[in-house]
Structure formats: C-alpha cells, structure tokens
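Structure first, commentary second.
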Amino acid sequence: MSRILDDLRAAYARAWVRVKGNMRVKTWFLWEVVLPTIFMASVIYAYYNLDAPRIFIGFVVVGTMMMNFWFNVLWGMGNVLYWEKETGNLEVFLLSDRPIYMLLLGMALGGMLNTGIRSLAILLIGIFVFGAEFNTGGLMPATIVFLLTLAALYSLGLMFSSLHLVYGRKGIRINEILGDPISFLSGQYYPISVFPTVLQALASLLPLTIGLDGVRRALLLGQGLGDLYIHILGLGIMVMILLPLGIWVLNHMVEKGRRDGRLIMRWL
Amino acid sequence: METAIKTVDLVREFKTSRGVFRALDGVNLEIPSGMIYGLLGPNGAGKTTLIRILSTLLLPTSGDAYVGGYHVVREAQKVREIINLVSGGERPGYGILTTRENLIYYAMLYGYSRREAEERVEEVSRLIGLEDFMNKRLNELSTGMVQKYSLARGLLNNPRILFLDEPTLGLDVENARSIRKLIRRLVDDGYIETILLTSHYMYEVEELCDRIAIIHRGRIIEEGTVEELKERVSSHVIYELTLQRVDGDLDFLRELDSVIGYKVRLSDVPGEARLRIIMAYEDISRVIGLLEKKMYRVKRVVRDEISLEDVFLKLVGRGIDE
C-alpha cells in the first residue's frame, strides 16, 4: 500500500512540474489558446460559407477539443520522455526506483490539465464567439465516453513512448506518421461517413474515432448511455487491452535499454 | 570491515558498428564501507560504465556486482533504496523551475509527501550551502552552483552509498576545491557511509580518496592507498626536465631500457615544455644525451618525489590525459 502511495506521489510530482513549468512561460495563453483557435475558426468559416447546418459548428469544436488530447499523447508523452532521457532526468527517475509508467502518468496528467485548459477555452470560444450549441443533457454520457477515450489514448501513449526510448530521435518520425493521418481518419472536422467503407472500418478501430463520435452524439444529438453502449463497450475493451499491454511494452523496453545500454547513451 | 561494493569478474560489452567493444574486462573490486574510494582512469577507461552498472542503470554482460550486499541485477530494487548517483557536467532538472522546485520534485520521487519534501530540501540545502540560490531558476545557476545543486539532489534520499562520476568536471579551480571540501565533509561528518568517486584528475583523487583503483582499458591495474601505490614505484627514479621546445612525440626515449614512461606538458613559460620521466634505474645522463642528439635543448633537470601521476605513468606508460 505504501509503495503504491509512493508511486502515485512520483506521478503527482511529475504532473506538478509540468503544470508549473507550462504556466511559467508568460506567453502560454498565446500558444495554448489563441493559436489552436485560429485553425478551428477557419474550418468554421468554411462551413458558414457553405451554409452548413449549425450543428457542424459544435461538430468542429468537439473535434478540435479532443484532437488536442491526441496531440498531447504524441508530443507530450513520447517526445518528452525522449528529452527526459537526453537531459539526464530519466536516469534520476530510474534511480528512484519508481515504475516508469508513473513518470508517464505524471506527464500525462500534467499534460491533460494543460490541454484541458486549452480545450475549455476552445469550448468557450466555440459557444460565445461562433455560437456552437450543445445539448447539456448529454454531458454525463459525453464525460464517460471522453474519460474512456483518454484512458485508451494514454495507454497507446505508453507504447509510443517506449519507441522513443529505444529509437531516440527517430521516434519523432513516429509522431509525424501518427499525427496527421489519425487526425484525418478520426474525423476531426467532418463525419467519417464521407469515407469509403474500407476507410470507415479502419477508422473505427481507432479509439479517437469512437470517442469523437460518442461525445458528438451525446453533446450534439443528446444521446444517452443506452444509445452509446457500443461506444462505451468498445472503448472499455480497448482500455483493458491497451493499458496492460502499454505497461508491459514500456517495462520491456526499459529492461532492453538497460541491457543494450541505450538508457545511458545520449543523442541517439 | 564491512564491504560496501564488490564486483566479481565483471564484464560489459557494447555492440558497435565496428564490432563488439569491451568496456569492462573482468573487473574485480572490493570496496570497504566508511571511506571515499577513487576510481582513477583516463577517458574511456570504463569508469562511467562501472558506475552505471553499480547504480543499476546498465546490466553487465557477465560477472556479478554487489552494492551494500545486494546483487545489482537480482536485487536492483534494494540497491536503489540505498544509493544515489551524481554525474559531473550534467544538469538534470527543469531550467524554468527554481532550484527549490526542482529539488522538491526529486524528493517526491523518493516517496516524500509535499511537506516532507519541502523540509528535506531545506535541510539538504543548508548542508550544501545552497540557501541563497533556492529561488533562482535552474537555468540561471552557474556551473559551480549546478554541481552543488546536483550534490544536494544526490543526498535527498539519504543514501548509504553515493556514486560521484567526475564530480568536478568542467569546474574552475575555486569551485572544484569547494566541491571537494563538501565531498570530504559528507563522509567525515557521517552523512554518507561510502562514496565511490571516479575522476581523471590525479590531484582530486590524491586529495580526497582513502583508497584508489586505477582502471585502464576496462581492467583494474592497481589498487591500494595513495601511499601503498607510491610505495610500489619507490624503487623507480623520477625526473622533471624543462625543455626549450617540444614538437612531435618523444617516443625515441623508449629506446632506452631504463625508461618506463613519460609525460609532456606545456610550461607556464611560452615556448617551454616540461617532461616528466619515470625510469627503472638512474639513467638521466643517457636521457639528456638522447634528447640533445635529437636537437632538444634541456634547460633544467630536477629529481622529483614520487606522485600518483608517476604510479600511473609506470603502469600505463603515458599520462592520464594523453
């Protein structure tokens, strides 16, 4: 019990460092809120121009909010872990005998808070500037789907991080490979029903696609838990598989790093 | 006396593009507790590899190593509970955070609650003399202060055994002296039971360490106190010669059977060089004769006392930084 508490303290400590560090950069509001809103605004104006139904505004806002969390997984976990190694922080962490997934949990929680602030700002701008409308009755089911999506995404993040640990700078390429294609496949700004069937099937395997669809159904169409049980079940199964698998892969890669010396080598 | 660290036939190999490189080649060491133990060797001798294995960050290829009686592979968790590692020239931490915030973070990794971490950090900062720098951002600290900060970090978990990898690397004379005093005090005042320190600075090892092992090409080639090591070359003859100029190497000196090793360094006087030479027996007149034959003008000849540098010269045949 005491060991679990100590491990959680380590995760809390890493989250604290991340939030504190982020807030200390005086221009954080510009990077975190203003810039991400600009692209969203351009898509919304495109829909305005096409006289698209109003529901599309909310559709884009939800897409932008959730995509932030995916980019946080890619750039805020794997990439940061690589820098932790290069700066010697990872060595210090490993010396403390805390499991490495607690370091990543801390990074993820800190990142979630930062991303959460960004997403909240995007939501408020979406509502008050662009007039997005949401069904407040769908808030609870949307929250459940959203949390399950986060758990699945961060479990995937554990696996990607281990690749950064082993492949060093080449890991950045993995982020590029997984960034835009997943943003495209998961339907950030449009319903995936516009895709051919094969692409739709492929997209449905991604937790982000299921999560986006579930949250949109809840918040835009007012669907309840009963309507979303397939989304919840699918995401739940994904978490049950991806989380232990992510932890196993990460631990395996750390041991491999100890064996082949990559944990202590820099600038690979 | 209790053994703090023990290695048995320790081997570590690395795969490289040119084949297998053996960084440690059967290291056998037994380090008693209650002392500062120095691992002296040139760059690439295997010092850092050994420390990384002992601190469980790297697995050995073969052989065994024990720290505090625990096996570094089979009981790695127990080892981590009693050790810490500080590497010179590194700056782990987050530049945007203050020294205090960084240290609180590291303390919390060791299971301290936020309040306990704050208390522990204050305690350690007083011990190290960091109080005036606690509210400065890490990226604003000088190299010397960063090294003190790193030492403070290494003490947060109250380790029994502390590994210091080149602790004064890159520091100026004054800061290096201050760090050495601190290290000595940590053991003398009982804050740390045993320190294993690696260095390629002779004077640092000579000044700080109770016992020394000389490591060269992954092997321990000599071990003992500074006095014991000097005693082992006491029958040898040491001279320091001042030469007008040195261009090219002086390997022709090795033609003389008496010459065991030599080291050349630039003198403070421009254009002059100092040649330190170790001989198996008195043969300085032939050395001077050979130098002059090769057109080197010898300005001064002084017979010198044996230093740790001479022990290294005798064992390896060249200086530690050559």
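Labels for the structure tokens follow display order: chains A, B, ..., residues from 1 in each chain, ligands from 1.
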Exercise. Would you give me, as JSON, numbers by chain, the residues of chain B that come within 7 Å of chain A, using only C-alpha atoms?
Key: {"B": [57, 58, 59, 77, 80, 84, 91, 92, 93, 96, 97, 105, 108, 109, 110, 111]}
Selection to disk with N, CA and C atoms, as a compact mmCIF listing (two decimals), in the first residue's frame:
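Output saved as selection37.txt:
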# COMPACT_ATOMS: atom_id res chain seq x y z
N LEU B 57 21.66 1.12 -13.64
CA LEU B 57 21.16 1.72 -14.89
C LEU B 57 21.56 0.92 -16.12
N LEU B 58 22.52 0.04 -15.93
CA LEU B 58 23.05 -0.75 -17.04
C LEU B 58 23.28 -2.17 -16.53
N LEU B 59 22.96 -3.14 -17.38
CA LEU B 59 23.18 -4.53 -16.96
C LEU B 59 24.57 -4.99 -17.40
N GLN B 77 16.14 -3.42 -6.87
CA GLN B 77 15.28 -2.51 -6.10
C GLN B 77 15.91 -2.16 -4.76
N ARG B 80 18.73 0.27 -5.23
CA ARG B 80 18.30 1.65 -5.47
C ARG B 80 17.87 2.35 -4.19
N ASN B 84 22.65 6.69 -4.42
CA ASN B 84 22.30 7.75 -5.37
C ASN B 84 23.52 8.02 -6.24
N ARG B 91 23.18 18.37 -16.03
CA ARG B 91 22.29 19.35 -15.42
C ARG B 91 20.86 18.80 -15.43
N PRO B 92 20.64 17.64 -14.77
CA PRO B 92 19.27 17.16 -14.78
C PRO B 92 18.36 18.14 -14.03
N GLY B 93 17.16 18.26 -14.51
CA GLY B 93 16.21 19.18 -13.88
C GLY B 93 15.53 19.99 -14.96
N ILE B 96 13.36 25.98 -16.22
CA ILE B 96 12.39 27.04 -15.98
C ILE B 96 11.93 27.06 -14.51
N LEU B 97 12.19 25.96 -13.82
CA LEU B 97 11.80 25.89 -12.40
C LEU B 97 12.97 26.33 -11.52
N TYR B 105 10.70 18.30 -6.40
CA TYR B 105 10.27 17.27 -7.35
C TYR B 105 11.06 15.98 -7.11
N MET B 108 10.18 14.18 -3.95
CA MET B 108 8.90 13.46 -4.01
C MET B 108 9.01 12.14 -4.76
N LEU B 109 9.99 12.05 -5.64
CA LEU B 109 10.21 10.76 -6.32
C LEU B 109 10.62 9.69 -5.31
N TYR B 110 11.19 10.13 -4.21
CA TYR B 110 11.64 9.17 -3.19
C TYR B 110 10.55 8.91 -2.14
N GLY B 111 9.33 9.29 -2.44
CA GLY B 111 8.22 8.94 -1.56
C GLY B 111 7.91 9.97 -0.49
Give me the residues within 6 Å of segment 263-267 of chain B as a compact mmCIF listing (two decimals) with C-alpha atoms, in the first residue's frame, counting only C-alpha atoms and dropping any in the same chain fewer than 5 places off.
# COMPACT_ATOMS: atom_id res chain seq x y z
CA GLU B 272 58.93 25.72 -22.94
CA ALA B 273 57.70 22.25 -22.08
CA ARG B 274 58.02 20.01 -19.05
CA LEU B 275 58.98 16.38 -19.49
CA ARG B 276 58.22 14.09 -16.57
CA ARG B 318 51.81 7.57 -20.55
CA GLY B 319 49.96 10.38 -18.79
Quiz item: In Å, how far is it from atom CA of Ala142 of chain A to atom CA of Met65 of chain A?
Solution: 12.9 Å
Exercise. Would you mind writing down, as a VMD selection string, each residue of segment 178-281 of chain B that DSSP on the backbone assigns to strand (DSSP E or B)?
Key: chain B and resid 194 to 199 211 to 216 219 to 224 237 to 243 259 to 266 273 to 279
Quiz item: Which is closest to Asn251 of chain A among A:Leu104, A:Leu113, A:Leu123, A:Met77, if we use only C-alpha atoms?
Solution: A:Leu104
Quiz prompt | Within 8 Å of segment 214-221 of chain A using only C-alpha atoms, minus same-chain residues under 4 positions, as a list of chain:residue names | solution = A:Ile55, A:Gly58, A:Phe59, A:Val62, A:Glu133, A:Phe134, A:Asn135, A:Thr136, A:Gly137, A:Gly138, A:Leu139, A:Pro141, A:Ala142, A:Thr143, A:Val145, A:Phe146, A:Ile210, A:Leu228, A:His231
Quiz item: What residues in segment 12-226 of chain A get the DSSP label helix (DSSP H, G or I)? Please answer as a PyMOL selection string.
Solution: chain A and resi 12-24+28-49+55-86+89-95+100-128+136-185+192-194+197-203+207-221
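Across the model, the gap from atom CA of Leu206 of chain A to atom CA of Trp31 of chain A is 27.5 Å.
Nearest residue to Tyr149 of chain B, choosing from B:Ile104, B:Ile221, B:Ile128, B:Ala176 and counting only C-alpha atoms: B:Ile128.
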